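Participant: Got a file for you: input_39.json, JSON, C-alpha atoms and all ligand atoms.
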```
[["chain", "number", "residue", "atom", "x", "y", "z"],
["A", 15, "MET", "CA", 122.35, 116.28, 189.44],
["A", 16, "ASN", "CA", 121.50, 115.82, 185.82],
["A", 17, "SER", "CA", 121.58, 118.97, 183.83],
["A", 18, "LEU", "CA", 119.17, 119.39, 180.97],
["A", 19, "SER", "CA", 120.82, 122.66, 180.10],
["A", 20, "SER", "CA", 124.30, 121.27, 179.46],
["A", 21, "PRO", "CA", 125.80, 122.37, 176.15],
["A", 22, "SER", "CA", 124.45, 120.44, 173.21],
["A", 23, "HIS", "CA", 126.94, 118.25, 171.37],
["A", 24, "SER", "CA", 124.63, 117.30, 168.52],
["A", 25, "GLU", "CA", 121.92, 118.68, 166.32],
["A", 26, "SER", "CA", 119.07, 119.91, 168.53],
["A", 27, "PRO", "CA", 115.71, 118.19, 168.10],
["A", 28, "SER", "CA", 113.36, 120.29, 166.00],
["A", 29, "LEU", "CA", 109.65, 120.40, 165.28],
["A", 30, "GLY", "CA", 108.24, 119.56, 161.88],
["A", 31, "ALA", "CA", 110.53, 116.62, 161.08],
["A", 32, "LYS", "CA", 109.38, 114.85, 157.93],
["A", 33, "VAL", "CA", 111.55, 111.76, 158.02],
["A", 34, "LEU", "CA", 110.62, 108.96, 160.40],
["A", 35, "PRO", "CA", 113.21, 106.89, 162.26],
["A", 36, "ALA", "CA", 113.17, 103.12, 161.79],
["A", 37, "SER", "CA", 111.62, 102.36, 165.17],
["A", 38, "VAL", "CA", 108.82, 103.62, 167.40],
["A", 39, "ASN", "CA", 108.03, 102.99, 171.06],
["A", 40, "PHE", "CA", 104.31, 102.51, 171.66],
["A", 41, "HIS", "CA", 103.61, 103.06, 175.37],
["A", 42, "LEU", "CA", 100.29, 101.31, 175.06],
["A", 43, "TRP", "CA", 99.40, 100.81, 178.73],
["A", 44, "GLU", "CA", 99.66, 103.38, 181.51],
["A", 45, "PRO", "CA", 98.90, 101.03, 184.44],
["A", 46, "CYS", "CA", 101.90, 99.42, 186.11],
["A", 47, "ASN", "CA", 102.25, 97.14, 189.12],
["A", 48, "MET", "CA", 105.65, 98.58, 190.08],
["A", 49, "ARG", "CA", 106.44, 102.04, 191.42],
["A", 50, "CYS", "CA", 109.96, 102.87, 190.23],
["A", 51, "ARG", "CA", 110.84, 106.28, 191.64],
["A", 52, "PHE", "CA", 112.68, 107.29, 188.46],
["A", 53, "CYS", "CA", 109.96, 106.13, 186.06],
["A", 54, "PHE", "CA", 109.80, 108.63, 183.22],
["A", 55, "ALA", "CA", 106.71, 107.04, 181.67],
["A", 56, "THR", "CA", 104.15, 107.41, 184.45],
["A", 57, "PHE", "CA", 101.59, 109.16, 182.18],
["A", 58, "LYS", "CA", 99.55, 110.34, 185.17],
["A", 59, "ASP", "CA", 98.98, 113.52, 183.15],
["A", 60, "VAL", "CA", 97.50, 111.49, 180.27],
["A", 61, "ARG", "CA", 95.23, 109.52, 182.57],
["A", 62, "ALA", "CA", 94.02, 112.64, 184.36],
["A", 63, "ASP", "CA", 93.49, 114.75, 181.23],
["A", 64, "VAL", "CA", 92.43, 112.55, 178.34],
["A", 65, "LEU", "CA", 92.34, 108.84, 179.09],
["A", 66, "PRO", "CA", 90.79, 107.75, 182.41],
["A", 67, "LYS", "CA", 91.46, 104.03, 181.82],
["A", 68, "GLY", "CA", 95.08, 104.64, 180.85],
["A", 69, "HIS", "CA", 94.85, 102.81, 177.53],
["A", 70, "LEU", "CA", 92.96, 102.81, 174.21],
["A", 71, "PRO", "CA", 90.15, 100.30, 173.60],
["A", 72, "GLU", "CA", 91.43, 97.12, 171.95],
["A", 73, "GLN", "CA", 90.08, 97.86, 168.46],
["A", 74, "GLU", "CA", 91.55, 101.36, 168.41],
["A", 75, "ALA", "CA", 94.92, 100.02, 169.58],
["A", 76, "LEU", "CA", 94.83, 97.46, 166.76],
["A", 77, "ARG", "CA", 94.05, 100.16, 164.18],
["A", 78, "LEU", "CA", 96.89, 102.26, 165.52],
["A", 79, "VAL", "CA", 99.36, 99.37, 165.34],
["A", 80, "ASP", "CA", 98.30, 98.83, 161.71],
["A", 81, "VAL", "CA", 99.14, 102.45, 160.94],
["A", 82, "LEU", "CA", 102.49, 102.32, 162.81],
["A", 83, "ALA", "CA", 103.54, 99.01, 161.29],
["A", 84, "HIS", "CA", 103.08, 100.40, 157.78],
["A", 85, "ARG", "CA", 105.64, 103.13, 158.46],
["A", 86, "PHE", "CA", 108.11, 101.86, 161.07],
["A", 87, "LYS", "CA", 110.42, 98.84, 160.75],
["A", 88, "LYS", "CA", 110.26, 98.04, 164.45],
["A", 89, "ILE", "CA", 107.55, 98.59, 167.06],
["A", 90, "THR", "CA", 108.56, 98.43, 170.71],
["A", 91, "PHE", "CA", 105.63, 97.79, 173.03],
["A", 92, "ALA", "CA", 106.20, 99.56, 176.34],
["A", 93, "GLY", "CA", 104.14, 100.95, 179.19],
["A", 94, "GLY", "CA", 103.48, 101.18, 182.09],
["A", 95, "GLU", "CA", 103.63, 97.39, 182.12],
["A", 96, "PRO", "CA", 102.49, 96.09, 178.72],
["A", 97, "LEU", "CA", 102.05, 92.50, 179.93],
["A", 98, "LEU", "CA", 99.05, 93.71, 181.96],
["A", 99, "CYS", "CA", 97.31, 94.32, 178.60],
["A", 100, "PRO", "CA", 95.26, 91.21, 177.70],
["A", 101, "TRP", "CA", 95.41, 91.96, 173.96],
["A", 102, "LEU", "CA", 99.17, 92.54, 173.73],
["A", 103, "PRO", "CA", 99.79, 89.29, 171.75],
["A", 104, "ASP", "CA", 97.14, 90.41, 169.22],
["A", 105, "LEU", "CA", 98.85, 93.78, 168.81],
["A", 106, "ALA", "CA", 102.20, 92.08, 168.24],
["A", 107, "LYS", "CA", 100.59, 89.67, 165.77],
["A", 108, "ALA", "CA", 99.09, 92.61, 163.84],
["A", 109, "ALA", "CA", 102.48, 94.34, 163.71],
["A", 110, "LYS", "CA", 104.17, 91.20, 162.42],
["A", 111, "ALA", "CA", 101.44, 90.70, 159.81],
["A", 112, "HIS", "CA", 102.63, 93.99, 158.30],
["A", 113, "GLY", "CA", 106.26, 92.87, 158.42],
["A", 114, "ALA", "CA", 107.36, 94.89, 161.46],
["A", 115, "ILE", "CA", 109.89, 93.63, 163.99],
["A", 116, "THR", "CA", 108.35, 93.50, 167.46],
["A", 117, "MET", "CA", 109.89, 94.17, 170.84],
["A", 118, "LEU", "CA", 108.51, 94.14, 174.37],
["A", 119, "VAL", "CA", 109.83, 96.14, 177.33],
["A", 120, "THR", "CA", 108.72, 94.53, 180.58],
["A", 121, "ASN", "CA", 109.45, 94.65, 184.29],
["A", 122, "GLY", "CA", 109.32, 90.83, 184.29],
["A", 123, "SER", "CA", 106.72, 90.45, 187.02],
["A", 124, "GLN", "CA", 104.26, 88.78, 184.62],
["A", 125, "LEU", "CA", 106.78, 86.95, 182.46],
["A", 126, "ARG", "CA", 105.73, 83.42, 183.40],
["A", 127, "ALA", "CA", 105.91, 80.30, 181.20],
["A", 128, "ASP", "CA", 102.29, 80.78, 180.03],
["A", 129, "THR", "CA", 102.96, 84.42, 179.11],
["A", 130, "ILE", "CA", 106.09, 83.50, 177.19],
["A", 131, "ALA", "CA", 104.08, 80.84, 175.34],
["A", 132, "ARG", "CA", 101.50, 83.47, 174.24],
["A", 133, "LEU", "CA", 104.27, 85.72, 172.91],
["A", 134, "ARG", "CA", 106.07, 82.95, 171.05],
["A", 135, "GLY", "CA", 106.12, 83.60, 167.32],
["A", 136, "VAL", "CA", 104.74, 87.15, 167.57],
["A", 137, "MET", "CA", 107.36, 88.92, 169.70],
["A", 138, "ASP", "CA", 110.87, 89.03, 168.25],
["A", 139, "TRP", "CA", 112.65, 90.69, 171.17],
["A", 140, "VAL", "CA", 112.05, 90.86, 174.92],
["A", 141, "THR", "CA", 113.68, 93.64, 176.92],
["A", 142, "LEU", "CA", 113.84, 93.01, 180.66],
["A", 143, "SER", "CA", 114.21, 96.04, 182.92],
["A", 144, "ILE", "CA", 116.68, 95.18, 185.69],
["A", 145, "ASP", "CA", 118.54, 97.84, 187.64],
["A", 146, "SER", "CA", 120.34, 96.06, 190.45],
["A", 147, "ILE", "CA", 121.90, 92.80, 191.53],
["A", 148, "SER", "CA", 120.25, 93.35, 194.92],
["A", 149, "PRO", "CA", 116.52, 92.79, 195.60],
["A", 150, "GLU", "CA", 116.85, 95.20, 198.55],
["A", 151, "THR", "CA", 118.05, 97.95, 196.21],
["A", 152, "HIS", "CA", 115.18, 97.19, 193.83],
["A", 153, "VAL", "CA", 112.76, 97.62, 196.73],
["A", 154, "LYS", "CA", 114.35, 100.98, 197.59],
["A", 155, "LEU", "CA", 114.06, 102.03, 193.94],
["A", 156, "GLY", "CA", 110.42, 100.94, 193.79],
["A", 157, "ARG", "CA", 111.22, 98.17, 191.26],
["A", 158, "ALA", "CA", 109.01, 95.80, 193.22],
["A", 159, "VAL", "CA", 105.38, 94.65, 193.41],
["A", 160, "GLN", "CA", 103.86, 95.51, 196.76],
["A", 161, "GLY", "CA", 107.31, 95.72, 198.32],
["A", 162, "ARG", "CA", 108.57, 92.41, 196.89],
["A", 163, "ALA", "CA", 111.34, 92.39, 194.31],
["A", 164, "LEU", "CA", 112.36, 89.64, 191.92],
["A", 165, "SER", "CA", 115.66, 87.85, 192.64],
["A", 166, "PRO", "CA", 118.62, 87.54, 190.26],
["A", 167, "ALA", "CA", 117.72, 83.83, 189.91],
["A", 168, "ASP", "CA", 114.18, 84.82, 188.83],
["A", 169, "TYR", "CA", 115.59, 87.08, 186.12],
["A", 170, "VAL", "CA", 118.04, 84.43, 184.89],
["A", 171, "ALA", "CA", 115.19, 81.89, 184.65],
["A", 172, "MET", "CA", 113.14, 84.39, 182.62],
["A", 173, "ALA", "CA", 116.08, 85.05, 180.30],
["A", 174, "GLU", "CA", 116.40, 81.32, 179.67],
["A", 175, "GLY", "CA", 112.65, 81.01, 179.02],
["A", 176, "VAL", "CA", 112.77, 83.89, 176.53],
["A", 177, "ARG", "CA", 115.68, 82.36, 174.63],
["A", 178, "ALA", "CA", 114.13, 78.88, 174.67],
["A", 179, "ALA", "CA", 111.01, 80.36, 173.02],
["A", 180, "GLY", "CA", 113.15, 81.73, 170.18],
["A", 181, "MET", "CA", 112.95, 85.36, 171.28],
["A", 182, "ARG", "CA", 115.97, 87.61, 171.50],
["A", 183, "LEU", "CA", 116.96, 89.25, 174.76],
["A", 184, "LYS", "CA", 117.89, 92.78, 175.69],
["A", 185, "ILE", "CA", 118.34, 94.28, 179.17],
["A", 186, "ASN", "CA", 117.60, 97.88, 180.21],
["A", 187, "THR", "CA", 119.28, 99.30, 183.32],
["A", 188, "VAL", "CA", 118.79, 102.75, 184.81],
["A", 189, "VAL", "CA", 121.85, 104.03, 186.66],
["A", 190, "THR", "CA", 121.07, 105.95, 189.86],
["A", 191, "GLN", "CA", 122.82, 106.86, 193.11],
["A", 192, "LEU", "CA", 121.61, 103.54, 194.55],
["A", 193, "ASN", "CA", 123.24, 101.22, 191.99],
["A", 194, "LYS", "CA", 126.04, 103.34, 190.47],
["A", 195, "GLY", "CA", 128.74, 101.49, 192.47],
["A", 196, "GLU", "CA", 127.60, 97.97, 191.58],
["A", 197, "ASP", "CA", 129.53, 95.51, 189.48],
["A", 198, "GLN", "CA", 126.81, 93.69, 187.54],
["A", 199, "THR", "CA", 129.19, 91.66, 185.38],
["A", 200, "GLU", "CA", 128.32, 88.30, 186.89],
["A", 201, "LEU", "CA", 124.56, 88.83, 186.53],
["A", 202, "LEU", "CA", 124.89, 90.01, 182.93],
["A", 203, "ARG", "CA", 127.07, 87.01, 182.07],
["A", 204, "ALA", "CA", 124.32, 84.76, 183.46],
["A", 205, "LEU", "CA", 121.54, 86.64, 181.65],
["A", 206, "ARG", "CA", 123.41, 86.63, 178.30],
["A", 207, "PRO", "CA", 121.48, 89.42, 176.52],
["A", 208, "GLU", "CA", 122.46, 90.44, 173.00],
["A", 209, "ARG", "CA", 122.17, 94.12, 173.91],
["A", 210, "TRP", "CA", 122.39, 95.96, 177.23],
["A", 211, "LYS", "CA", 121.06, 99.50, 177.32],
["A", 212, "LEU", "CA", 122.44, 101.60, 180.18],
["A", 213, "LEU", "CA", 120.44, 104.74, 180.85],
["A", 214, "ASN", "CA", 121.48, 107.61, 183.06],
["A", 215, "ILE", "CA", 118.44, 108.47, 185.19],
["A", 216, "LEU", "CA", 116.57, 111.29, 183.48],
["A", 217, "ARG", "CA", 114.43, 113.85, 185.25],
["A", 218, "VAL", "CA", 111.24, 114.53, 183.26],
["A", 219, "GLU", "CA", 108.98, 117.31, 184.48],
["A", 220, "GLY", "CA", 105.49, 116.02, 185.22],
["A", 221, "GLN", "CA", 106.56, 112.34, 185.09],
["A", 222, "ASN", "CA", 109.09, 111.84, 187.87],
["A", 223, "SER", "CA", 109.83, 115.35, 189.11],
["A", 224, "GLY", "CA", 109.87, 115.49, 192.89],
["A", 225, "LYS", "CA", 110.69, 111.77, 193.13],
["A", 226, "VAL", "CA", 114.22, 111.62, 191.72],
["A", 227, "ASP", "CA", 115.97, 114.15, 193.93],
["A", 228, "GLY", "CA", 118.93, 112.40, 195.49],
["A", 229, "LEU", "CA", 118.95, 109.67, 192.81],
["A", 230, "CYS", "CA", 120.47, 111.54, 189.86],
["A", 231, "CYS", "CA", 124.03, 110.82, 188.65],
["A", 232, "ASP", "CA", 126.36, 113.19, 186.85],
["A", 233, "SER", "CA", 128.00, 112.10, 183.60],
["A", 234, "GLN", "CA", 131.21, 111.12, 185.37],
["A", 235, "GLU", "CA", 129.38, 108.71, 187.67],
["A", 236, "PHE", "CA", 127.39, 107.31, 184.76],
["A", 237, "ASN", "CA", 130.49, 106.88, 182.58],
["A", 238, "ALA", "CA", 132.29, 105.09, 185.42],
["A", 239, "PHE", "CA", 129.44, 102.58, 185.62],
["A", 240, "VAL", "CA", 129.61, 102.01, 181.86],
["A", 241, "ALA", "CA", 133.43, 101.67, 181.89],
["A", 242, "ARG", "CA", 133.26, 99.07, 184.71],
["A", 243, "HIS", "CA", 131.23, 96.82, 182.43],
["A", 244, "ARG", "CA", 132.93, 97.38, 179.05],
["A", 245, "ALA", "CA", 134.64, 93.99, 179.27],
["A", 246, "LEU", "CA", 131.23, 92.37, 178.72],
["A", 247, "GLU", "CA", 131.59, 93.25, 175.07],
["A", 248, "GLY", "CA", 134.14, 90.44, 174.97],
["A", 249, "ASP", "CA", 131.26, 88.12, 175.89],
["A", 250, "GLY", "CA", 129.31, 89.24, 172.84],
["A", 251, "ILE", "CA", 127.04, 91.69, 174.70],
["A", 252, "VAL", "CA", 126.61, 95.03, 172.90],
["A", 253, "LEU", "CA", 126.64, 97.89, 175.43],
["A", 254, "VAL", "CA", 124.42, 100.83, 174.52],
["A", 255, "PRO", "CA", 124.98, 103.69, 176.99],
["A", 256, "GLU", "CA", 122.62, 106.69, 176.91],
["A", 257, "ASP", "CA", 123.45, 109.76, 178.90],
["A", 258, "ASN", "CA", 120.79, 112.42, 179.36],
["A", 259, "GLU", "CA", 121.35, 114.41, 176.17],
["A", 260, "ASP", "CA", 121.27, 111.22, 174.10],
["A", 261, "MET", "CA", 117.76, 110.53, 175.41],
["A", 262, "LEU", "CA", 116.20, 113.92, 174.62],
["A", 263, "GLY", "CA", 114.38, 114.22, 171.29],
["A", 264, "SER", "CA", 115.96, 111.01, 169.98],
["A", 265, "TYR", "CA", 112.98, 108.65, 170.10],
["A", 266, "ALA", "CA", 109.71, 108.31, 168.18],
["A", 267, "MET", "CA", 107.25, 107.65, 170.98],
["A", 268, "VAL", "CA", 103.47, 107.15, 171.15],
["A", 269, "ASP", "CA", 101.58, 107.64, 174.41],
["A", 270, "PRO", "CA", 98.73, 105.44, 175.77],
["A", 271, "ALA", "CA", 96.21, 107.82, 174.11],
["A", 272, "GLY", "CA", 97.71, 107.20, 170.65],
["A", 273, "ARG", "CA", 99.57, 110.50, 170.28],
["A", 274, "PHE", "CA", 103.22, 111.07, 169.41],
["A", 275, "PHE", "CA", 105.15, 112.73, 172.21],
["A", 276, "ASP", "CA", 108.65, 114.05, 172.74],
["A", 277, "ASN", "CA", 110.78, 114.96, 175.75],
["A", 278, "ALA", "CA", 113.14, 117.38, 173.98],
["A", 279, "GLU", "CA", 112.56, 120.16, 176.51],
["A", 280, "GLY", "CA", 112.63, 117.96, 179.59],
["A", 281, "LYS", "CA", 108.86, 117.41, 179.71],
["A", 282, "HIS", "CA", 106.33, 115.67, 177.51],
["A", 283, "ARG", "CA", 104.85, 117.46, 174.52],
["A", 284, "TYR", "CA", 101.94, 115.58, 172.90],
["A", 285, "SER", "CA", 100.69, 115.69, 169.31],
["A", 286, "ALA", "CA", 97.08, 115.34, 168.22],
["A", 287, "PRO", "CA", 95.86, 111.69, 168.13],
["A", 288, "ILE", "CA", 97.50, 109.82, 165.25],
["A", 289, "LEU", "CA", 94.30, 108.06, 164.16],
["A", 290, "ALA", "CA", 92.38, 111.35, 163.93],
["A", 291, "GLN", "CA", 95.17, 113.60, 162.61],
["A", 292, "GLY", "CA", 97.06, 111.25, 160.30],
["A", 293, "LEU", "CA", 100.54, 109.98, 161.08],
["A", 294, "ASP", "CA", 102.64, 112.53, 159.18],
["A", 295, "SER", "CA", 100.71, 115.51, 160.43],
["A", 296, "ALA", "CA", 100.89, 114.26, 164.05],
["A", 297, "TRP", "CA", 104.63, 113.51, 163.68],
["A", 298, "ALA", "CA", 105.27, 117.10, 162.58],
["A", 299, "GLN", "CA", 103.91, 118.28, 165.94],
["A", 300, "VAL", "CA", 106.74, 116.79, 168.02],
["A", 301, "ALA", "CA", 110.47, 117.46, 168.11],
["A", 302, "PHE", "CA", 113.02, 114.91, 166.92],
["A", 303, "SER", "CA", 116.67, 114.71, 165.93],
["A", 304, "MET", "CA", 117.69, 111.93, 163.55],
["A", 305, "GLU", "CA", 121.34, 112.63, 164.40],
["A", 306, "ARG", "CA", 120.70, 111.91, 168.08],
["A", 307, "PHE", "CA", 118.66, 108.82, 167.18],
["A", 308, "GLU", "CA", 121.57, 107.45, 165.16],
["A", 309, "ARG", "CA", 124.18, 108.55, 167.71],
["A", 310, "ARG", "CA", 122.45, 106.70, 170.53],
["A", 311, "GLY", "CA", 122.57, 103.50, 168.44],
["A", 312, "GLY", "CA", 118.83, 103.52, 167.60],
["A", 313, "LEU", "CA", 119.57, 102.17, 164.15],
["A", 314, "TYR", "CA", 120.89, 98.63, 164.18],
["A", 315, "ASP", "CA", 120.12, 95.47, 162.31],
["A", 316, "PHE", "CA", 116.92, 94.49, 164.16],
["A", 317, "ASN", "CA", 116.78, 91.17, 162.32],
["A", 318, "GLY", "CA", 120.45, 90.28, 162.21],
["A", 319, "ARG", "CA", 123.11, 90.21, 164.88],
["A", 320, "PRO", "CA", 123.10, 93.42, 166.98],
["B", 1, "LIG", "S1", 108.23, 99.01, 185.83],
["B", 1, "LIG", "FE1", 108.63, 100.46, 184.15],
["B", 1, "LIG", "S2", 106.67, 101.48, 183.80],
["B", 1, "LIG", "FE2", 106.52, 100.46, 185.80],
["B", 1, "LIG", "S3", 107.08, 102.03, 187.28],
["B", 1, "LIG", "FE3", 108.97, 100.88, 186.76],
["B", 1, "LIG", "S4", 109.93, 102.05, 185.07],
["B", 1, "LIG", "FE4", 107.79, 102.74, 185.24]]
```
Please express what this file holds, its structure, as structure tokens.
Ligand code: SF4

Facilitator:
Amino acid sequence: MNSLSSPSHSESPSLGAKVLPASVNFHLWEPCNMRCRFCFATFKDVRADVLPKGHLPEQEALRLVDVLAHRFKKITFAGGEPLLCPWLPDLAKAAKAHGAITMLVTNGSQLRADTIARLRGVMDWVTLSIDSISPETHVKLGRAVQGRALSPADYVAMAEGVRAAGMRLKINTVVTQLNKGEDQTELLRALRPERWKLLNILRVEGQNSGKVDGLCCDSQEFNAFVARHRALEGDGIVLVPEDNEDMLGSYAMVDPAGRFFDNAEGKHRYSAPILAQGLDSAWAQVAFSMERFERRGGLYDFNGRP
């Protein structure tokens, strides 16, 4: 099991931080067409309590992106599944108009040639979430649309489409009991991402609690998965492993309702809405540790080589 109470090895996240990190994740869209059991961004609480549609109206989202792009160097558009949002390209365009680097995190189900064409020129990076070399394992994990998972060949074709459109590629993989023994070297060599983020499955109260029992890995299991793939660095792929402590209080994150949130205590804590409260005042209402942000490799040359 993961332990959120393991001894801290770095500065603990604290409330009232004044300095902003270089990047922010905007989880703009709660709806998703997949049902990953470990998903720690389900936002069912947000939808039930404050935002029945699961996203801001288009104009409000654009205003929010304007505010974020003035203060952060990079905006990562995440969800839910952000490609279900019809105005995603407009949000990315607005961010780029203010000089921000843009990144998408997607499950790939909607990443067709026409979608890639709409993102061309406005999205700098595409992060594909892929956990397993086996479609059957993806189905067991819930990384599937109505019980159907994408194949490794589908993902490789997407990776090629992304690169051909001039966008840079990153892969995110969540390590669980179902994929911890896999050797994914061959798939990663075919995908050829610049960065590969490996995340140890994280239990987040109210997001995935009750669904991840039996899936969690201890640090030894997670580290063994990372070690098995270290040789990929020789292929020019930067490995970015994040164990559970690295993930707590180390991100600037905005929820679908336009509020900062943190996970420092193993569950979401939300600020007041950024557009109503002002960015600095809302930021002071969540916990963050710059040391953890830097330790997990959050600061890299977004424009240059990783
Ligand atoms: S695809 Fe992403 S947002 Fe959707 S359920 Fe899976 S982890 Fe969550």

Participant: Draw an axis-aligned box tight on the listed atoms of ligand LIG 1 (chain B), then pad every side by 8 Å and write out centre and edge lengths in Å to one decimal as JSON.

Facilitator:
```
{"center_x": 108.2, "center_y": 100.9, "center_z": 185.5, "size_x": 19.4, "size_y": 19.7, "size_z": 19.5}
```

Participant: Counting all atoms listed in the file, which residues sit no farther than 8 Å from the position (109.6, 116.5, 179.9) in the file's frame? I'd like them as a list in words.

Facilitator: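 The residues that fall inside the cut-off are Arg217, Val218, Glu219, Gly220, Gln221, Asp276, Asn277, Ala278, Glu279, Gly280, Lys281, His282 and Arg283 of chain A.
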
Participant: Have a look at A:Met304, A:Gln73, A:Ala62, A:Asp227 and name the one nearest to A:Ala266; count only C-alpha atoms.

Facilitator: A:Met304

Participant: Wanna dump the chain A-ligand LIG 1 (chain B) contacts at 6 Å for me, each residue with its shortest atom pair and the distance in Å to one decimal, counting all atoms listed in the file, ordered by chain and number, as a tab-separated table?

Facilitator:
```
residue	atom	partner	partner_atom	distance
A:Cys46	CA	B:LIG1	FE2	4.7
A:Met48	CA	B:LIG1	S3	4.7
A:Arg49	CA	B:LIG1	S3	4.2
A:Cys50	CA	B:LIG1	FE3	4.1
A:Cys53	CA	B:LIG1	FE4	4.1
A:Ala55	CA	B:LIG1	FE4	5.7
A:Thr56	CA	B:LIG1	FE4	6.0
A:Gly93	CA	B:LIG1	S2	5.3
A:Gly94	CA	B:LIG1	S2	3.6
A:Glu95	CA	B:LIG1	S2	5.4
A:Asn121	CA	B:LIG1	S1	4.8
A:Arg157	CA	B:LIG1	FE3	5.7
```

Participant: Taking into account all atoms listed in the file, which residue in the set A:Ile288, A:Leu78, A:Ile89, A:Val159 is nearest to A:Asp138?

Facilitator: A:Ile89

Participant: Kindly add N, CA and C atoms to the incomplete stretch 143-162 of chain A and provide the output as a JSON list (two decimals), in the frame of the given file.

Facilitator:
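For reference, out09.json as written:
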```json
[["chain", "number", "residue", "atom", "x", "y", "z"],
["A", 143, "SER", "N", 113.68, 94.91, 182.17],
["A", 143, "SER", "CA", 114.21, 96.04, 182.92],
["A", 143, "SER", "C", 114.72, 95.56, 184.27],
["A", 144, "ILE", "N", 116.02, 95.64, 184.45],
["A", 144, "ILE", "CA", 116.68, 95.18, 185.69],
["A", 144, "ILE", "C", 117.71, 96.23, 186.07],
["A", 145, "ASP", "N", 117.62, 96.76, 187.27],
["A", 145, "ASP", "CA", 118.54, 97.84, 187.64],
["A", 145, "ASP", "C", 119.64, 97.42, 188.59],
["A", 146, "SER", "N", 119.39, 96.36, 189.36],
["A", 146, "SER", "CA", 120.34, 96.06, 190.45],
["A", 146, "SER", "C", 120.53, 94.56, 190.60],
["A", 147, "ILE", "N", 121.67, 94.20, 191.19],
["A", 147, "ILE", "CA", 121.90, 92.80, 191.53],
["A", 147, "ILE", "C", 121.28, 92.48, 192.90],
["A", 148, "SER", "N", 120.75, 93.51, 193.56],
["A", 148, "SER", "CA", 120.25, 93.35, 194.92],
["A", 148, "SER", "C", 118.74, 93.59, 195.00],
["A", 149, "PRO", "N", 117.96, 92.58, 195.44],
["A", 149, "PRO", "CA", 116.52, 92.79, 195.60],
["A", 149, "PRO", "C", 116.22, 93.94, 196.57],
["A", 150, "GLU", "N", 117.08, 94.11, 197.58],
["A", 150, "GLU", "CA", 116.85, 95.20, 198.55],
["A", 150, "GLU", "C", 116.94, 96.56, 197.85],
["A", 151, "THR", "N", 117.92, 96.68, 196.95],
["A", 151, "THR", "CA", 118.05, 97.95, 196.21],
["A", 151, "THR", "C", 116.85, 98.14, 195.29],
["A", 152, "HIS", "N", 116.39, 97.07, 194.67],
["A", 152, "HIS", "CA", 115.18, 97.19, 193.83],
["A", 152, "HIS", "C", 113.99, 97.68, 194.66],
["A", 153, "VAL", "N", 113.87, 97.17, 195.87],
["A", 153, "VAL", "CA", 112.76, 97.62, 196.73],
["A", 153, "VAL", "C", 112.91, 99.12, 197.01],
["A", 154, "LYS", "N", 114.13, 99.55, 197.31],
["A", 154, "LYS", "CA", 114.35, 100.98, 197.59],
["A", 154, "LYS", "C", 114.05, 101.84, 196.36],
["A", 155, "LEU", "N", 114.33, 101.29, 195.17],
["A", 155, "LEU", "CA", 114.06, 102.03, 193.94],
["A", 155, "LEU", "C", 112.58, 102.01, 193.57],
["A", 156, "GLY", "N", 111.83, 101.10, 194.17],
["A", 156, "GLY", "CA", 110.42, 100.94, 193.79],
["A", 156, "GLY", "C", 110.23, 99.89, 192.70],
["A", 157, "ARG", "N", 111.34, 99.23, 192.28],
["A", 157, "ARG", "CA", 111.22, 98.17, 191.26],
["A", 157, "ARG", "C", 110.79, 96.89, 191.97],
["A", 158, "ALA", "N", 109.53, 96.87, 192.39],
["A", 158, "ALA", "CA", 109.01, 95.80, 193.22],
["A", 158, "ALA", "C", 107.48, 95.85, 193.15],
["A", 159, "VAL", "N", 106.85, 94.70, 193.38],
["A", 159, "VAL", "CA", 105.38, 94.65, 193.41],
["A", 159, "VAL", "C", 104.97, 94.49, 194.88],
["A", 160, "GLN", "N", 104.28, 95.48, 195.36],
["A", 160, "GLN", "CA", 103.86, 95.51, 196.76],
["A", 160, "GLN", "C", 105.02, 95.19, 197.71],
["A", 161, "GLY", "N", 106.15, 95.84, 197.44],
["A", 161, "GLY", "CA", 107.31, 95.72, 198.32],
["A", 161, "GLY", "C", 108.15, 94.48, 198.10],
["A", 162, "ARG", "N", 107.80, 93.64, 197.13],
["A", 162, "ARG", "CA", 108.57, 92.41, 196.89],
["A", 162, "ARG", "C", 109.25, 92.48, 195.52]]
```
